[in-house]
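Enquirer: If it helps, the file is called data.csv and holds CSV, C-alpha atoms and all ligand atoms:
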chain,number,residue,atom,x,y,z
G,1,MET,CA,84.8,86.7,85.9
G,2,SER,CA,88.2,87.8,86.9
G,3,ASN,CA,89.1,87.0,90.5
G,4,VAL,CA,90.7,90.5,90.7
G,5,LYS,CA,87.5,92.3,90.0
G,6,ASP,CA,86.1,94.3,92.9
G,7,LYS,CA,89.0,93.4,95.2
G,8,VAL,CA,90.2,96.2,97.3
G,9,VAL,CA,94.0,96.5,96.9
G,10,ILE,CA,96.3,98.8,99.0
G,11,LEU,CA,99.4,99.4,97.0
G,12,THR,CA,102.5,101.2,98.5
G,13,GLY,CA,105.1,102.8,96.3
G,14,ALA,CA,102.4,103.6,93.7
G,15,SER,CA,103.9,106.9,92.6
G,16,SER,CA,106.4,105.3,90.1
G,17,GLY,CA,107.9,102.2,88.6
G,18,ILE,CA,106.5,98.8,89.6
G,19,GLY,CA,103.8,100.3,91.8
G,20,GLU,CA,102.5,102.6,89.1
G,21,GLY,CA,102.6,99.7,86.6
G,22,THR,CA,100.8,97.5,89.0
G,23,ALA,CA,98.1,100.1,89.6
G,24,GLN,CA,97.4,100.2,85.8
G,25,GLU,CA,97.4,96.4,85.5
G,26,LEU,CA,95.0,95.8,88.4
G,27,VAL,CA,92.6,98.6,87.6
G,28,GLU,CA,92.2,97.1,84.1
G,29,GLN,CA,91.0,93.9,85.9
G,30,GLY,CA,88.4,95.8,87.9
G,31,ALA,CA,90.3,96.1,91.2
G,32,LYS,CA,89.5,99.0,93.6
G,33,LEU,CA,92.8,100.7,94.5
G,34,VAL,CA,94.1,102.6,97.4
G,35,LEU,CA,97.4,104.1,96.2
G,36,ALA,CA,100.1,105.2,98.7
G,37,ALA,CA,103.5,107.0,98.5
G,38,ARG,CA,105.0,110.3,99.6
G,39,ARG,CA,104.8,112.3,96.3
G,40,GLU,CA,101.3,113.6,96.1
G,41,ASP,CA,101.6,115.1,92.6
G,42,ARG,CA,102.3,111.7,91.2
G,43,LEU,CA,99.6,110.0,93.1
G,44,LYS,CA,97.0,112.6,92.2
G,45,GLU,CA,97.9,112.4,88.5
G,46,LEU,CA,97.7,108.6,88.5
G,47,THR,CA,94.4,108.6,90.3
G,48,SER,CA,93.0,111.1,87.8
G,49,THR,CA,94.1,109.0,84.8
G,50,ILE,CA,92.6,105.9,86.3
G,51,LYS,CA,89.3,107.6,86.9
G,52,GLU,CA,89.2,109.2,83.5
G,53,ASN,CA,89.6,105.7,82.1
G,54,GLY,CA,86.6,104.4,84.2
G,55,GLY,CA,88.6,102.8,87.0
G,56,ASP,CA,88.1,103.0,90.7
G,57,ALA,CA,91.0,104.4,92.8
G,58,ILE,CA,91.7,106.7,95.7
G,59,TYR,CA,95.1,107.8,97.1
G,60,LYS,CA,96.5,108.6,100.5
G,61,VAL,CA,99.9,110.3,101.0
G,62,THR,CA,101.8,107.9,103.2
G,63,ASP,CA,105.3,107.5,104.5
G,64,VAL,CA,105.6,103.7,105.1
G,65,THR,CA,108.2,104.4,107.8
G,66,SER,CA,105.5,105.8,110.0
G,67,ARG,CA,103.4,103.2,111.8
G,68,GLU,CA,100.7,105.8,112.4
G,69,GLN,CA,100.5,106.7,108.7
G,70,MET,CA,100.3,103.0,107.7
G,71,GLU,CA,97.4,102.6,110.2
G,72,GLU,CA,95.7,105.6,108.7
G,73,LEU,CA,96.2,104.1,105.2
G,74,ALA,CA,94.4,100.9,106.2
G,75,LYS,CA,91.7,102.9,107.9
G,76,THR,CA,91.2,105.0,104.7
G,77,ALA,CA,90.7,101.8,102.7
G,78,LEU,CA,88.2,100.4,105.3
G,79,ASP,CA,86.3,103.7,105.5
G,80,HIS,CA,86.0,104.1,101.7
G,81,TYR,CA,85.6,100.6,100.5
G,82,GLY,CA,84.6,98.7,103.6
G,83,LYS,CA,87.3,96.0,103.3
G,84,ILE,CA,90.9,95.2,102.4
G,85,ASP,CA,91.4,92.2,100.2
G,86,VAL,CA,95.1,92.7,99.3
G,87,LEU,CA,98.1,94.7,100.5
G,88,VAL,CA,101.0,95.0,98.1
G,89,ASN,CA,104.0,96.1,100.2
G,90,ASN,CA,106.0,97.5,97.2
G,91,ALA,CA,107.6,100.7,98.5
G,92,GLY,CA,111.4,100.4,98.6
G,93,LEU,CA,114.8,102.1,98.4
G,94,MET,CA,118.1,100.9,96.9
G,95,PRO,CA,121.0,103.3,97.7
G,96,LEU,CA,123.6,100.6,97.1
G,97,SER,CA,127.1,101.3,98.6
G,98,PHE,CA,130.3,99.5,99.7
G,99,MET,CA,130.2,99.1,103.5
G,100,ASN,CA,133.5,100.8,104.1
G,101,LYS,CA,132.0,104.1,102.8
G,102,LEU,CA,130.0,104.1,106.0
G,103,LYS,CA,126.8,105.5,104.5
G,104,VAL,CA,125.1,104.6,107.7
G,105,ASP,CA,122.2,107.1,107.1
G,106,GLU,CA,121.4,105.2,103.9
G,107,TRP,CA,121.6,101.9,105.7
G,108,ASP,CA,119.1,103.3,108.2
G,109,LYS,CA,116.7,104.4,105.4
G,110,MET,CA,116.8,101.0,103.7
G,111,ILE,CA,116.0,99.3,107.0
G,112,ASP,CA,113.2,101.8,107.7
G,113,VAL,CA,111.5,101.6,104.3
G,114,ASN,CA,112.3,98.1,103.1
G,115,ILE,CA,111.8,96.2,106.4
G,116,LYS,CA,109.9,98.3,108.9
G,117,GLY,CA,107.6,99.7,106.2
G,118,VAL,CA,106.7,96.1,105.3
G,119,LEU,CA,106.1,95.2,109.0
G,120,TYR,CA,103.9,98.3,109.6
G,121,GLY,CA,101.9,97.3,106.5
G,122,VAL,CA,101.4,93.8,107.8
G,123,ALA,CA,100.4,95.2,111.3
G,124,ALA,CA,97.9,97.6,109.6
G,125,VAL,CA,96.0,95.0,107.6
G,126,LEU,CA,96.3,91.8,109.6
G,127,PRO,CA,93.5,92.5,112.2
G,128,SER,CA,90.8,93.2,109.5
G,129,MET,CA,92.0,90.2,107.4
G,130,ARG,CA,91.9,87.9,110.4
G,131,GLU,CA,88.4,89.2,111.3
G,132,LYS,CA,87.2,88.5,107.7
G,133,GLN,CA,89.2,85.2,107.6
G,134,ALA,CA,90.5,86.2,104.1
G,135,GLY,CA,93.1,88.4,102.5
G,136,GLN,CA,96.4,88.4,100.7
G,137,ILE,CA,99.7,90.1,101.6
G,138,ILE,CA,102.2,90.5,98.7
G,139,ASN,CA,105.7,91.6,99.7
G,140,ILE,CA,108.1,92.8,97.0
G,141,SER,CA,111.6,91.3,97.7
G,142,SER,CA,114.2,91.0,95.0
G,143,VAL,CA,116.7,88.6,93.4
G,144,ALA,CA,118.9,90.4,95.9
G,145,GLY,CA,116.8,88.7,98.5
G,146,HIS,CA,118.2,85.4,97.3
G,147,THR,CA,121.8,86.4,96.8
G,148,VAL,CA,124.4,89.1,97.6
G,149,GLY,CA,127.2,90.9,95.9
G,150,PRO,CA,129.7,93.7,96.5
G,151,GLY,CA,127.9,97.0,97.2
G,152,MET,CA,124.6,95.1,97.9
G,153,SER,CA,125.2,94.0,101.6
G,154,VAL,CA,122.5,96.1,103.3
G,155,TYR,CA,120.0,96.2,100.5
G,156,SER,CA,120.3,92.4,100.1
G,157,GLY,CA,120.0,92.1,103.9
G,158,THR,CA,116.7,94.0,103.8
G,159,LYS,CA,115.3,91.9,100.9
G,160,HIS,CA,116.4,88.6,102.6
G,161,ALA,CA,114.5,89.9,105.7
G,162,VAL,CA,111.4,90.5,103.6
G,163,ARG,CA,111.4,86.9,102.3
G,164,VAL,CA,112.0,85.4,105.7
G,165,ILE,CA,109.3,87.6,107.4
G,166,THR,CA,106.8,86.7,104.7
G,167,GLU,CA,107.5,83.0,104.9
G,168,GLY,CA,107.2,83.1,108.7
G,169,LEU,CA,103.9,84.9,108.4
G,170,ARG,CA,102.7,82.3,105.8
G,171,GLN,CA,103.4,79.5,108.2
G,172,GLU,CA,101.7,81.3,111.1
G,173,GLU,CA,98.5,82.0,109.1
G,174,ALA,CA,98.4,78.5,107.7
G,175,LEU,CA,98.7,77.2,111.3
G,176,ALA,CA,95.8,79.5,112.3
G,177,LYS,CA,93.8,78.4,109.3
G,178,SER,CA,93.0,82.1,108.7
G,179,ASN,CA,92.8,81.8,104.8
G,180,ILE,CA,95.3,84.7,104.5
G,181,ARG,CA,97.6,84.2,101.6
G,182,THR,CA,101.1,85.5,101.5
G,183,THR,CA,103.2,86.1,98.3
G,184,ILE,CA,106.8,87.0,97.8
G,185,ILE,CA,107.6,88.5,94.4
G,186,SER,CA,111.4,88.8,93.7
G,187,PRO,CA,112.2,90.8,90.6
G,188,GLY,CA,115.5,91.0,88.8
G,189,MET,CA,116.5,94.2,87.1
G,190,VAL,CA,113.5,96.3,86.2
G,191,GLU,CA,113.7,99.7,84.4
G,192,THR,CA,112.5,102.2,87.1
G,193,GLU,CA,113.7,105.1,89.2
G,194,LEU,CA,115.1,102.8,91.8
G,195,PRO,CA,118.9,103.4,91.2
G,196,ASN,CA,118.4,107.2,91.5
G,197,THR,CA,119.2,107.1,95.2
G,198,ILE,CA,122.6,105.5,94.7
G,199,THR,CA,125.4,108.0,95.8
G,200,ASP,CA,128.4,105.6,95.9
G,201,ASP,CA,130.5,106.5,92.8
G,202,ASP,CA,132.1,103.0,92.7
G,203,VAL,CA,128.7,101.4,92.5
G,204,LEU,CA,127.5,103.9,89.9
G,205,GLN,CA,130.5,103.1,87.7
G,206,GLY,CA,129.7,99.4,87.9
G,207,LEU,CA,126.1,100.1,86.9
G,208,ASP,CA,127.2,102.2,83.9
G,209,THR,CA,129.2,99.3,82.4
G,210,SER,CA,126.2,96.9,82.7
G,211,GLU,CA,125.1,95.5,79.4
G,212,LEU,CA,121.9,93.9,80.9
G,213,THR,CA,118.6,95.0,79.3
G,214,PRO,CA,116.1,95.4,82.2
G,215,ILE,CA,112.5,94.2,82.0
G,216,GLN,CA,109.6,96.7,82.5
G,217,PRO,CA,107.3,97.4,85.4
G,218,LYS,CA,104.4,95.8,83.5
G,219,ASP,CA,106.3,92.5,83.6
G,220,ILE,CA,106.2,92.5,87.4
G,221,ALA,CA,102.7,93.9,87.4
G,222,SER,CA,101.4,91.0,85.5
G,223,THR,CA,103.1,88.6,88.0
G,224,ILE,CA,101.4,90.4,90.9
G,225,ARG,CA,98.0,90.1,89.0
G,226,TYR,CA,98.7,86.4,88.5
G,227,ALA,CA,99.2,85.9,92.2
G,228,ILE,CA,96.0,87.7,93.1
G,229,GLU,CA,93.8,86.1,90.5
G,230,GLN,CA,94.3,82.5,91.7
G,231,PRO,CA,91.4,80.8,93.4
G,232,GLU,CA,91.3,81.6,97.1
G,233,GLU,CA,92.5,78.1,98.0
G,234,VAL,CA,95.6,78.5,95.8
G,235,SER,CA,98.4,80.5,97.4
G,236,ILE,CA,101.3,81.5,95.1
G,237,ASN,CA,104.0,81.8,97.8
G,238,GLU,CA,107.0,83.0,95.8
G,239,ILE,CA,107.9,84.0,92.3
G,240,LEU,CA,111.3,85.2,90.8
G,241,VAL,CA,111.1,87.2,87.6
G,242,ARG,CA,114.4,88.1,85.9
G,243,PRO,CA,115.4,89.5,82.5
G,244,THR,CA,116.2,86.4,80.4
G,245,SER,CA,119.8,87.6,80.1
G,246,GLN,CA,120.3,88.3,83.9
G,247,GLN,CA,122.9,86.0,85.4
G,301,LIG,P1,110.9,103.2,92.2
G,301,LIG,O1,111.9,104.1,92.8
G,301,LIG,O2,110.3,103.6,90.9
G,301,LIG,O3,109.6,103.1,93.2
G,301,LIG,C1,109.8,103.1,94.6
G,301,LIG,C2,108.5,103.5,95.2
G,301,LIG,O4,108.7,103.5,96.6
G,301,LIG,C3,108.1,105.0,94.9
G,301,LIG,O5,106.7,105.0,94.6
G,301,LIG,C4,108.4,105.7,96.1
G,301,LIG,O6,107.4,106.8,96.3
G,301,LIG,C5,108.1,104.7,97.2
G,301,LIG,N1,108.7,105.0,98.5
G,301,LIG,C6,110.0,105.1,98.8
G,301,LIG,N2,110.2,105.5,100.0
G,301,LIG,C7,109.0,105.6,100.6
G,301,LIG,C8,108.4,105.9,101.9
G,301,LIG,N3,109.2,106.2,102.9
G,301,LIG,N4,107.1,105.9,102.0
G,301,LIG,C9,106.3,105.6,101.0
G,301,LIG,N5,106.7,105.2,99.8
G,301,LIG,C10,108.0,105.2,99.6
G,301,LIG,O7,111.4,101.7,92.2
G,301,LIG,P2,110.8,100.3,91.8
G,301,LIG,O8,109.4,100.5,91.2
G,301,LIG,O9,111.8,99.6,91.1
G,301,LIG,O10,110.7,99.7,93.3
G,301,LIG,C11,109.5,99.0,93.8
G,301,LIG,C12,110.0,97.8,94.6
G,301,LIG,O11,110.6,96.9,93.8
G,301,LIG,C13,111.0,98.2,95.7
G,301,LIG,O12,110.7,97.5,96.9
G,301,LIG,C14,112.3,97.6,95.1
G,301,LIG,O13,113.3,97.3,96.1
G,301,LIG,C15,111.8,96.4,94.3
G,301,LIG,N6,112.7,95.9,93.3
G,301,LIG,C16,113.0,96.6,92.2
G,301,LIG,C17,113.8,96.2,91.3
G,301,LIG,C18,114.3,97.0,90.1
G,301,LIG,O14,115.2,96.5,89.4
G,301,LIG,N7,113.7,98.1,89.8
G,301,LIG,C19,114.4,94.8,91.4
G,301,LIG,C20,114.0,94.1,92.6
G,301,LIG,C21,113.2,94.6,93.5
G,301,LIG,P3,107.7,108.2,96.9
G,301,LIG,O15,109.1,108.6,96.6
G,301,LIG,O16,106.7,109.1,96.2
G,301,LIG,O17,107.4,108.0,98.4
Before anything else, please render the file you have as structure tokens.
Expert:
Amino acid sequence: MSNVKDKVVILTGASSGIGEGTAQELVEQGAKLVLAARREDRLKELTSTIKENGGDAIYKVTDVTSREQMEELAKTALDHYGKIDVLVNNAGLMPLSFMNKLKVDEWDKMIDVNIKGVLYGVAAVLPSMREKQAGQIINISSVAGHTVGPGMSVYSGTKHAVRVITEGLRQEEALAKSNIRTTIISPGMVETELPNTITDDDVLQGLDTSELTPIQPKDIASTIRYAIEQPEEVSINEILVRPTSQQ
């Protein structure tokens, strides 16, 4: 039997891209999903499709930058399914820009979604996981969490933070012998809506000339499934997944 079956998984950023792909992958393995994002129309459609195909999912409109809404999301999962086995902190923004453009509002948004959203997610699920002495927190970082380049300073900073926070949490939970597993997934370039928030023309021109063929959301979804389906005593701490041609 799949080790994913009947696990209750909260998935943020489920309305598109990697999140949507992961929802489809996990539901095929029998997971029970609590889907979160801001765009209700997308969440509603995905949930309907999952149910029509015999899967089990609910959704909750959630802005991850609100601690209150993240607490509500965890409560929804506990009220409906009685437990939280896995949180996938996937929601993210990537409005890349050169720092001298001073797009400070965009810096703020990335910090709020990519870092604070992850922290609020951890805060929302840790108490029930500690009580149950089991659980898994999967945080989506990036290859940009291992490196940096022009135009990527703030985004890379947020993704480095996600990795460091996740590793620190891993060490604390190992010390406490809580049986809580932590996983960092660091994708390379994946074909999604993520670049849509980029407003810096210099960055956009750079992207246009890219000859790299991105991988697909399903390729990251299968990696997330792999991390979840391991036996409980096996903790996949970090995986990088790039297009083969990405430098
Ligand atoms: P998408 O833009 O397709 O998905 C981003 C998701 O985040 C959407 O579902 C969006 O939903 C959600 N989101 C954004 N802001 C908020 C918010 N404030 N509250 C709740 N949800 C929010 O991009 P990807 O699927 O590519 O991105 C998923 C993750 O993967 C991100 O963390 C990204 O940084 C990471 N990643 C992606 C890579 C790529 O090449 N695509 C590479 C490396 C990492 P909504 O707008 O409905 O709220």
Enquirer: Could you produce a table of the residues of chain G lying within 7 Å of ligand LIG 301 (chain G), with the nearest pair of atoms per residue and their separation in Å rounded to one decimal, using all atoms listed in the file, ordered by chain and increasing residue number, as JSON lines?
Expert:
{"residue": "G:Thr12", "atom": "CA", "partner": "G:LIG301", "partner_atom": "N5", "distance": 5.9}
{"residue": "G:Gly13", "atom": "CA", "partner": "G:LIG301", "partner_atom": "O5", "distance": 3.2}
{"residue": "G:Ala14", "atom": "CA", "partner": "G:LIG301", "partner_atom": "O5", "distance": 4.6}
{"residue": "G:Ser15", "atom": "CA", "partner": "G:LIG301", "partner_atom": "O5", "distance": 3.9}
{"residue": "G:Ser16", "atom": "CA", "partner": "G:LIG301", "partner_atom": "O2", "distance": 4.3}
{"residue": "G:Gly17", "atom": "CA", "partner": "G:LIG301", "partner_atom": "O8", "distance": 3.4}
{"residue": "G:Ile18", "atom": "CA", "partner": "G:LIG301", "partner_atom": "O8", "distance": 3.7}
{"residue": "G:Gly19", "atom": "CA", "partner": "G:LIG301", "partner_atom": "O8", "distance": 5.6}
{"residue": "G:Ala36", "atom": "CA", "partner": "G:LIG301", "partner_atom": "C9", "distance": 6.6}
{"residue": "G:Ala37", "atom": "CA", "partner": "G:LIG301", "partner_atom": "N5", "distance": 3.9}
{"residue": "G:Arg38", "atom": "CA", "partner": "G:LIG301", "partner_atom": "O17", "distance": 3.5}
{"residue": "G:Arg39", "atom": "CA", "partner": "G:LIG301", "partner_atom": "O16", "distance": 3.7}
{"residue": "G:Thr62", "atom": "CA", "partner": "G:LIG301", "partner_atom": "C9", "distance": 5.5}
{"residue": "G:Asp63", "atom": "CA", "partner": "G:LIG301", "partner_atom": "N4", "distance": 3.5}
{"residue": "G:Val64", "atom": "CA", "partner": "G:LIG301", "partner_atom": "N4", "distance": 4.1}
{"residue": "G:Thr65", "atom": "CA", "partner": "G:LIG301", "partner_atom": "N3", "distance": 5.3}
{"residue": "G:Asn90", "atom": "CA", "partner": "G:LIG301", "partner_atom": "O12", "distance": 4.7}
{"residue": "G:Ala91", "atom": "CA", "partner": "G:LIG301", "partner_atom": "O4", "distance": 3.6}
{"residue": "G:Gly92", "atom": "CA", "partner": "G:LIG301", "partner_atom": "O12", "distance": 3.4}
{"residue": "G:Leu93", "atom": "CA", "partner": "G:LIG301", "partner_atom": "O13", "distance": 5.5}
{"residue": "G:Met94", "atom": "CA", "partner": "G:LIG301", "partner_atom": "O13", "distance": 6.1}
{"residue": "G:Val113", "atom": "CA", "partner": "G:LIG301", "partner_atom": "N3", "distance": 5.3}
{"residue": "G:Asn114", "atom": "CA", "partner": "G:LIG301", "partner_atom": "O12", "distance": 6.4}
{"residue": "G:Ile140", "atom": "CA", "partner": "G:LIG301", "partner_atom": "O12", "distance": 5.4}
{"residue": "G:Ser141", "atom": "CA", "partner": "G:LIG301", "partner_atom": "C21", "distance": 5.6}
{"residue": "G:Ser142", "atom": "CA", "partner": "G:LIG301", "partner_atom": "C20", "distance": 3.9}
{"residue": "G:Val143", "atom": "CA", "partner": "G:LIG301", "partner_atom": "C20", "distance": 6.2}
{"residue": "G:Ala144", "atom": "CA", "partner": "G:LIG301", "partner_atom": "C20", "distance": 7.0}
{"residue": "G:Ser186", "atom": "CA", "partner": "G:LIG301", "partner_atom": "C20", "distance": 6.0}
{"residue": "G:Pro187", "atom": "CA", "partner": "G:LIG301", "partner_atom": "C20", "distance": 4.3}
{"residue": "G:Gly188", "atom": "CA", "partner": "G:LIG301", "partner_atom": "C19", "distance": 4.7}
{"residue": "G:Met189", "atom": "CA", "partner": "G:LIG301", "partner_atom": "O14", "distance": 3.5}
{"residue": "G:Val190", "atom": "CA", "partner": "G:LIG301", "partner_atom": "O14", "distance": 3.6}
{"residue": "G:Glu191", "atom": "CA", "partner": "G:LIG301", "partner_atom": "N7", "distance": 5.6}
{"residue": "G:Thr192", "atom": "CA", "partner": "G:LIG301", "partner_atom": "O2", "distance": 4.6}
{"residue": "G:Glu193", "atom": "CA", "partner": "G:LIG301", "partner_atom": "O2", "distance": 4.1}
{"residue": "G:Leu194", "atom": "CA", "partner": "G:LIG301", "partner_atom": "O1", "distance": 3.6}
{"residue": "G:Pro217", "atom": "CA", "partner": "G:LIG301", "partner_atom": "O8", "distance": 6.9}
Enquirer: List the neighbours of stretch 120-122 of chain G out to 9 Å using all atoms listed in the file; skip same-chain residues closer than 6 positions along the sequence, and give me the result as a CSV table (one decimal) with C-alpha atoms, in the coordinates of the input.
Expert:
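Below you can see result.csv, which holds the result:
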chain,number,residue,atom,x,y,z
G,12,THR,CA,102.5,101.2,98.5
G,64,VAL,CA,105.6,103.7,105.1
G,65,THR,CA,108.2,104.4,107.8
G,66,SER,CA,105.5,105.8,110.0
G,67,ARG,CA,103.4,103.2,111.8
G,68,GLU,CA,100.7,105.8,112.4
G,70,MET,CA,100.3,103.0,107.7
G,71,GLU,CA,97.4,102.6,110.2
G,73,LEU,CA,96.2,104.1,105.2
G,74,ALA,CA,94.4,100.9,106.2
G,87,LEU,CA,98.1,94.7,100.5
G,88,VAL,CA,101.0,95.0,98.1
G,89,ASN,CA,104.0,96.1,100.2
G,137,ILE,CA,99.7,90.1,101.6
Enquirer: Calculate how many Å separate atom CA of G:Leu33 from atom CA of G:Pro95, rounding to one decimal.
Expert: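 Computing it gives 28.5 Å between the two atoms.
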Enquirer: So which residues touch G:Glu232 within 10 Å, counting only C-alpha atoms, skipping near sequence neighbours fewer than 6 positions away, as a list in words?
Expert: Asn3, Ala134, Gly135, Gln136, Asn179, Ile180 and Arg181 of chain G
Enquirer: Measuring atom to atom with only C-alpha atoms, identify which of G:His160, G:Lys32, G:Arg225, G:His146 is nearest to G:Leu78.
Expert: G:Lys32
Enquirer: At a cut-off of 9 Å, using all atoms listed in the file, what residues contact stretch 200-216 of chain G? Leave out same-chain residues fewer than 2 positions from it and give the result as a PyMOL selection string.
Expert: chain G and resi 17-18+21+95-98+101+103+150-151+188-192+195+198+218-221+242-246
Enquirer: What's around G:Arg163 at 8 Å? Count all atoms listed in the file, leave out sequence neighbours fewer than 5 positions away in its own chain, and write the answer as a PDB file with C-alpha atoms, in the frame of the given file.
Expert:
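Now in part-v2.pdb:
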ATOM      1  CA  ASN G 139     105.700  91.600  99.700  1.00  0.00           C
ATOM      2  CA  SER G 141     111.600  91.300  97.700  1.00  0.00           C
ATOM      3  CA  GLY G 145     116.800  88.700  98.500  1.00  0.00           C
ATOM      4  CA  ILE G 184     106.800  87.000  97.800  1.00  0.00           C
TER       5      ILE G 184
END
Enquirer: Near stretch 52-59 of chain G, within 7 Å and counting all atoms listed in the file, which residues show up once chain neighbours fewer than 3 positions away are dropped, as a list in words?
Expert: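 With the cut-off at 7 Å, the set is Val27, Lys32, Leu33, Val34, Leu35, Ala36, Leu43, Thr47, Ser48 and Thr49 of chain G.
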Enquirer: Could the residues in this selection be written to a file with C-alpha atoms, as a PDB file, in the coordinates of the input?
Expert:
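That gives us result-v5.pdb:
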ATOM      1  CA  VAL G  27      92.600  98.600  87.600  1.00  0.00           C
ATOM      2  CA  LYS G  32      89.500  99.000  93.600  1.00  0.00           C
ATOM      3  CA  LEU G  33      92.800 100.700  94.500  1.00  0.00           C
ATOM      4  CA  VAL G  34      94.100 102.600  97.400  1.00  0.00           C
ATOM      5  CA  LEU G  35      97.400 104.100  96.200  1.00  0.00           C
ATOM      6  CA  ALA G  36     100.100 105.200  98.700  1.00  0.00           C
ATOM      7  CA  LEU G  43      99.600 110.000  93.100  1.00  0.00           C
ATOM      8  CA  THR G  47      94.400 108.600  90.300  1.00  0.00           C
ATOM      9  CA  SER G  48      93.000 111.100  87.800  1.00  0.00           C
ATOM     10  CA  THR G  49      94.100 109.000  84.800  1.00  0.00           C
TER      11      THR G  49
END
Enquirer: So which one's closest to G:Gln133, G:Asp108, G:Val162, G:Ser178, G:Leu169? Using all atoms listed in the file, please.
Expert: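 Of the candidates, the smallest distance to G:Gln133 is held by G:Ser178.
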Enquirer: Please, what distance in Å, to one decimal, runs between atom CA of G:Lys83 and atom CA of G:Thr182?
Expert: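 Going from atom CA of G:Lys83 over to atom CA of G:Thr182, I get 17.4 Å.
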Enquirer: Would you compute the distance between atom CA of G:Ser156 and atom CA of G:Ile228? Give it in Å to one decimal.
Expert: 25.7 Å
Enquirer: Go through G:Val9, G:Ala227, G:Leu46, G:Ala23 and flag the residue nearest G:Gly82, using all atoms listed in the file for the distances.
Expert: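 Of G:Val9, G:Ala227, G:Leu46, G:Ala23, the one nearest G:Gly82 is G:Val9, counting all atoms listed in the file.
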Enquirer: Could you tell me which of G:Ile84, G:Val118, G:Ala174, G:Val234 comes closest to G:Lys7 if we count all atoms listed in the file?
Expert: G:Ile84
